[in-house]
Every structure is written in C-alpha cells, then in structure tokens.
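The block underneath contains the structure these notes are about, expressed in structure tokens.
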Amino acid sequence: MLLIDCPWCGPRDQSEFAYGGEAHIVRPRDPLSLSDAEWADYLFMRANPKGTHREQWCHQHGCRRWFNVVRDTVTYRITHVYKVGEPPPQGK
Ligand SMILES: [Zn+2]
C-alpha cells in the first residue's frame with residue numbers, strides 16, 4: 001500500500017486516490033493534421049519504464065484534485081509530488 005502525499009491534503013492512504021496514467025501527455029495543437037499513426041501514438045502509446053515514471057493521480061476521495069507524482073515502478077517509492085502546471089523535477 002502506498003502513502004501518497006497530496007499537495008493540498010497531506011499524506012493519505014492510496015485507497016483514496018485514482019491513478020491517471022502517464023503525466024505530461026500533451027494534446028496535439030492541430031489534431032486534424034496528424035496521420036492515423038500519429039493520432040494512435042498520441043492516444044495509446046505510453047512509456048512503460050522500469051524505474052522512474054512521471055504519472056498523474058487524483059485525490060478522488062479527498063480534495064478531488066489532480067497532481068503529478070514521480071514514482072519508481074520497481075520499488076514503488078514516490079520521490080516527488082508536484083501540482084499540475086508545475087515543472088517536473090529535473091532529471092526525471
Ligand atoms: Zn487532496
């Protein structure tokens with residue numbers, strides 16, 4: 001079980017949160033100009049690293065706000081938590 005440090009509420013049990021997938025996926029500025037392969041890449045292709053991963057979480061049973069987390073996918077250790085719109089930690 002993870003203990004996630006919500007930027008607004010503080011540390012809470014993982015059961016209060018919903019995982020939202022990889023962070024920093026940006027919608028293309030002009031979707032109509034993309035090929036089918038490029039659109040499929042935007043919609044479906046995600047990193048699946050063994051190690052450091054930047055991901056989105058929502059405090060679903062708390063403040064209901066989204067934020068980003070840097071988590072190691074091997075150890076599950078969370079090294080950084082930051083608000084949406086803030087830059088990710090350097091080197092991650
Ligand atoms: Zn919260």
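Chains: A, B, ... in order of the structure tokens. Residues: from 1 per chain. Ligands: from 1, in order shown.
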- Residues within 6 Å of ligand 1, counting only C-alpha atoms and all ligand atoms, as a list in words: Cys6, Trp8, Cys9, His59, Gly62 and Cys63 of chain A
For the residues in that selection, give me N, CA and C atoms as a PDB file, in the first residue's frame.
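Result file part_15.pdb:
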```pdb
ATOM      1  N   CYS A   6      -0.651  14.100  -0.904  1.00  0.00           N
ATOM      2  CA  CYS A   6      -1.426  15.048  -1.718  1.00  0.00           C
ATOM      3  C   CYS A   6      -0.892  16.461  -1.450  1.00  0.00           C
ATOM      4  N   TRP A   8      -2.339  19.186  -1.415  1.00  0.00           N
ATOM      5  CA  TRP A   8      -3.293  20.033  -0.697  1.00  0.00           C
ATOM      6  C   TRP A   8      -3.705  19.442   0.650  1.00  0.00           C
ATOM      7  N   CYS A   9      -3.739  18.116   0.760  1.00  0.00           N
ATOM      8  CA  CYS A   9      -4.284  17.462   1.958  1.00  0.00           C
ATOM      9  C   CYS A   9      -3.223  16.795   2.832  1.00  0.00           C
ATOM     10  N   HIS A  59      -6.877  12.815  -6.167  1.00  0.00           N
ATOM     11  CA  HIS A  59      -7.308  12.529  -4.799  1.00  0.00           C
ATOM     12  C   HIS A  59      -8.834  12.393  -4.811  1.00  0.00           C
ATOM     13  N   GLY A  62     -10.925  12.699  -1.604  1.00  0.00           N
ATOM     14  CA  GLY A  62     -10.445  13.796  -0.768  1.00  0.00           C
ATOM     15  C   GLY A  62     -10.786  15.103  -1.448  1.00  0.00           C
ATOM     16  N   CYS A  63      -9.767  15.846  -1.832  1.00  0.00           N
ATOM     17  CA  CYS A  63      -9.977  17.164  -2.445  1.00  0.00           C
ATOM     18  C   CYS A  63     -10.384  17.077  -3.912  1.00  0.00           C
TER      19      CYS A  63
END
```
- Task: Excluding region 12-19 of chain A and residues on its chain fewer than 5 positions from it, collect all residues at most 12 Å away from it, counting only C-alpha atoms, and give them as a PyMOL selection string.
- Result: chain A and resi 1-7+54-69+71+76+78
- Task: From a DSSP calculation on the backbone, collect every residue of chain A in strand (DSSP E) and output the set as a PyMOL selection string.
- Result: chain A and resi 3-6+10-13+18-22+52-58+66-72+78-83
- Message: Given only C-alpha atoms as the basis, pick out the residue of A:His53, A:Pro88, A:Ser35, A:Ala40 nearest to Glu22 (chain A).
- Response: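 Once distances to Glu22 (chain A) are computed over only C-alpha atoms, the minimum belongs to A:His53.
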- Those in chain A with helix (DSSP H, G or I) from DSSP, as a ChimeraX atom specification: /A:14-16,31-33,36-44
- Item | Within 10 Å of Arg27 (chain A) using only C-alpha atoms, minus same-chain residues under 2 positions, as a list in words |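 Listed by chain and then number, they are His24, Ile25, Arg29, Asp30, Pro31, Trp39, Tyr42 and Leu43 of chain A.
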Any chance you could export the current selection's N, CA and C atoms as an mmCIF file, in the first residue's frame?
```
data_model
loop_
_atom_site.group_PDB
_atom_site.id
_atom_site.type_symbol
_atom_site.label_atom_id
_atom_site.label_comp_id
_atom_site.auth_asym_id
_atom_site.auth_seq_id
_atom_site.Cartn_x
_atom_site.Cartn_y
_atom_site.Cartn_z
ATOM 1 N N HIS A 24 2.186 14.480 -18.321
ATOM 2 C CA HIS A 24 2.800 15.337 -19.339
ATOM 3 C C HIS A 24 2.540 14.859 -20.771
ATOM 4 N N ILE A 25 1.407 14.202 -20.995
ATOM 5 C CA ILE A 25 0.982 13.894 -22.356
ATOM 6 C C ILE A 25 0.213 15.117 -22.856
ATOM 7 N N ARG A 29 -1.645 20.260 -31.026
ATOM 8 C CA ARG A 29 -2.277 21.563 -31.299
ATOM 9 C C ARG A 29 -3.249 21.491 -32.479
ATOM 10 N N ASP A 30 -2.914 20.703 -33.486
ATOM 11 C CA ASP A 30 -3.754 20.594 -34.676
ATOM 12 C C ASP A 30 -4.022 19.112 -34.973
ATOM 13 N N PRO A 31 -4.988 18.517 -34.281
ATOM 14 C CA PRO A 31 -5.225 17.073 -34.430
ATOM 15 C C PRO A 31 -5.560 16.656 -35.863
ATOM 16 N N TRP A 39 -1.926 9.964 -34.576
ATOM 17 C CA TRP A 39 -3.057 10.094 -33.644
ATOM 18 C C TRP A 39 -3.109 8.885 -32.711
ATOM 19 N N TYR A 42 -0.498 9.256 -30.065
ATOM 20 C CA TYR A 42 -0.920 10.180 -29.007
ATOM 21 C C TYR A 42 -1.928 9.507 -28.068
ATOM 22 N N LEU A 43 -2.876 8.789 -28.627
ATOM 23 C CA LEU A 43 -3.947 8.198 -27.809
ATOM 24 C C LEU A 43 -3.487 7.003 -26.979
#
```
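Between CA of Thr73 (chain A) and CA of Pro49 (chain A) lies a distance of 7.3 Å.
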- Query: Near Pro87 (chain A), counting only C-alpha atoms, which residues have an atom at most 12 Å away, once you skip same-chain residues fewer than 2 positions from it, shown as a VMD selection string?
  - Reply: chain A and resid 23 to 24 54 67 to 70 80 to 85 89 to 92
For the selection you just gave me, I'd like the residues written to a file as a CSV table (one decimal), in the first residue's frame, keeping all heavy atoms.
```csv
chain,number,residue,atom,x,y,z
A,23,ALA,N,2.0,11.1,-16.9
A,23,ALA,CA,1.9,12.6,-16.9
A,23,ALA,C,2.6,13.2,-18.1
A,23,ALA,O,3.4,12.6,-18.8
A,23,ALA,CB,2.6,13.1,-15.6
A,24,HIS,N,2.2,14.5,-18.3
A,24,HIS,CA,2.8,15.3,-19.3
A,24,HIS,C,2.5,14.9,-20.8
A,24,HIS,O,3.4,15.1,-21.7
A,24,HIS,CB,4.3,15.5,-19.1
A,24,HIS,CG,4.6,16.0,-17.7
A,24,HIS,ND1,4.3,17.3,-17.3
A,24,HIS,CD2,5.1,15.4,-16.6
A,24,HIS,CE1,4.7,17.4,-16.1
A,24,HIS,NE2,5.1,16.3,-15.6
A,54,ARG,N,6.9,9.4,-14.4
A,54,ARG,CA,6.1,10.5,-14.0
A,54,ARG,C,4.6,10.2,-14.3
A,54,ARG,O,4.3,9.8,-15.5
A,54,ARG,CB,6.5,11.8,-14.8
A,54,ARG,CG,7.9,12.2,-14.4
A,54,ARG,CD,8.3,13.5,-15.1
A,54,ARG,NE,8.3,13.3,-16.5
A,54,ARG,CZ,8.7,14.2,-17.4
A,54,ARG,NH1,9.3,15.3,-16.9
A,54,ARG,NH2,8.6,14.0,-18.7
A,67,PHE,N,-2.8,15.9,-9.6
A,67,PHE,CA,-1.4,16.3,-9.3
A,67,PHE,C,-0.5,15.2,-10.0
A,67,PHE,O,-1.0,14.2,-10.4
A,67,PHE,CB,-1.1,16.5,-7.9
A,67,PHE,CG,-1.4,15.3,-7.0
A,67,PHE,CD1,-0.4,14.4,-6.7
A,67,PHE,CD2,-2.6,15.0,-6.5
A,67,PHE,CE1,-0.6,13.3,-5.9
A,67,PHE,CE2,-2.9,13.9,-5.8
A,67,PHE,CZ,-1.9,13.0,-5.5
A,68,ASN,N,0.8,15.5,-10.0
A,68,ASN,CA,1.7,14.6,-10.6
A,68,ASN,C,2.6,14.0,-9.5
A,68,ASN,O,2.9,14.6,-8.5
A,68,ASN,CB,2.6,15.3,-11.6
A,68,ASN,CG,1.8,15.8,-12.8
A,68,ASN,OD1,0.8,15.2,-13.2
A,68,ASN,ND2,2.1,17.0,-13.3
A,69,VAL,N,3.1,12.8,-9.8
A,69,VAL,CA,4.0,12.0,-8.9
A,69,VAL,C,5.1,11.5,-9.7
A,69,VAL,O,4.9,11.0,-10.9
A,69,VAL,CB,3.1,10.9,-8.3
A,69,VAL,CG1,4.0,9.9,-7.6
A,69,VAL,CG2,2.1,11.5,-7.3
A,70,VAL,N,6.3,11.5,-9.2
A,70,VAL,CA,7.4,10.7,-9.7
A,70,VAL,C,7.6,9.5,-8.8
A,70,VAL,O,7.8,9.6,-7.6
A,70,VAL,CB,8.7,11.5,-9.8
A,70,VAL,CG1,9.8,10.7,-10.3
A,70,VAL,CG2,8.5,12.8,-10.6
A,80,HIS,N,8.8,12.4,-5.7
A,80,HIS,CA,8.4,13.7,-5.8
A,80,HIS,C,6.9,13.8,-6.1
A,80,HIS,O,6.3,12.9,-6.7
A,80,HIS,CB,9.1,14.4,-7.1
A,80,HIS,CG,10.5,14.5,-6.9
A,80,HIS,ND1,11.4,13.6,-7.3
A,80,HIS,CD2,11.3,15.5,-6.4
A,80,HIS,CE1,12.6,13.9,-7.1
A,80,HIS,NE2,12.6,15.1,-6.6
A,81,VAL,N,6.3,14.8,-5.5
A,81,VAL,CA,4.9,15.1,-5.8
A,81,VAL,C,4.8,16.6,-6.1
A,81,VAL,O,5.4,17.4,-5.4
A,81,VAL,CB,4.0,14.8,-4.5
A,81,VAL,CG1,2.6,15.3,-4.8
A,81,VAL,CG2,4.1,13.4,-4.1
A,82,TYR,N,4.1,16.9,-7.2
A,82,TYR,CA,4.0,18.3,-7.6
A,82,TYR,C,2.7,18.6,-8.3
A,82,TYR,O,2.1,17.7,-8.9
A,82,TYR,CB,5.2,18.7,-8.5
A,82,TYR,CG,5.4,17.9,-9.7
A,82,TYR,CD1,5.0,18.3,-11.0
A,82,TYR,CD2,6.0,16.6,-9.7
A,82,TYR,CE1,5.2,17.6,-12.1
A,82,TYR,CE2,6.2,15.8,-10.8
A,82,TYR,CZ,5.8,16.3,-12.0
A,82,TYR,OH,6.0,15.6,-13.1
A,83,LYS,N,2.3,19.8,-8.3
A,83,LYS,CA,1.0,20.2,-8.8
A,83,LYS,C,1.0,20.3,-10.3
A,83,LYS,O,2.1,20.5,-10.9
A,83,LYS,CB,0.6,21.6,-8.3
A,83,LYS,CG,0.4,21.6,-6.7
A,83,LYS,CD,0.1,23.0,-6.2
A,83,LYS,CE,-0.1,23.0,-4.7
A,83,LYS,NZ,-0.3,24.3,-4.2
A,84,VAL,N,-0.1,20.1,-10.9
A,84,VAL,CA,-0.3,20.2,-12.4
A,84,VAL,C,0.1,21.6,-12.8
A,84,VAL,O,-0.3,22.6,-12.1
A,84,VAL,CB,-1.7,19.9,-12.8
A,84,VAL,CG1,-1.9,20.2,-14.3
A,84,VAL,CG2,-2.0,18.4,-12.5
A,85,GLY,N,0.9,21.8,-13.8
A,85,GLY,CA,1.3,23.1,-14.2
A,85,GLY,C,2.7,23.4,-13.7
A,85,GLY,O,3.4,24.3,-14.2
A,89,PRO,N,10.4,17.6,-11.7
A,89,PRO,CA,11.8,17.7,-11.1
A,89,PRO,C,12.8,17.4,-12.2
A,89,PRO,O,12.6,16.6,-13.1
A,89,PRO,CB,11.8,16.6,-10.1
A,89,PRO,CG,10.4,16.3,-9.8
A,89,PRO,CD,9.6,16.6,-11.0
A,90,GLN,N,13.9,18.1,-12.1
A,90,GLN,CA,14.9,18.0,-13.1
A,90,GLN,C,15.5,16.6,-13.1
A,90,GLN,O,15.7,16.0,-12.1
A,90,GLN,CB,16.0,19.0,-12.9
A,90,GLN,CG,15.6,20.4,-13.1
A,90,GLN,CD,15.1,20.7,-14.5
A,90,GLN,OE1,15.7,20.2,-15.5
A,90,GLN,NE2,14.0,21.3,-14.7
A,91,GLY,N,15.8,16.1,-14.3
A,91,GLY,CA,16.4,14.8,-14.4
A,91,GLY,C,15.5,13.6,-14.3
A,91,GLY,O,15.9,12.5,-14.2
A,92,LYS,N,14.2,13.8,-14.2
A,92,LYS,CA,13.2,12.8,-14.0
A,92,LYS,C,12.4,12.6,-15.3
A,92,LYS,O,12.0,13.5,-15.9
A,92,LYS,CB,12.3,13.0,-12.8
A,92,LYS,CG,13.0,13.3,-11.6
A,92,LYS,CD,13.8,12.0,-11.1
A,92,LYS,CE,14.6,12.3,-9.9
A,92,LYS,NZ,15.7,11.4,-9.7
```
- Query: What gap, in Å, lies between CA of Asp41 (chain A) and CA of Gly21 (chain A)?
  - Reply: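 We find that CA of Asp41 (chain A) and CA of Gly21 (chain A) lie 14.9 Å from each other.
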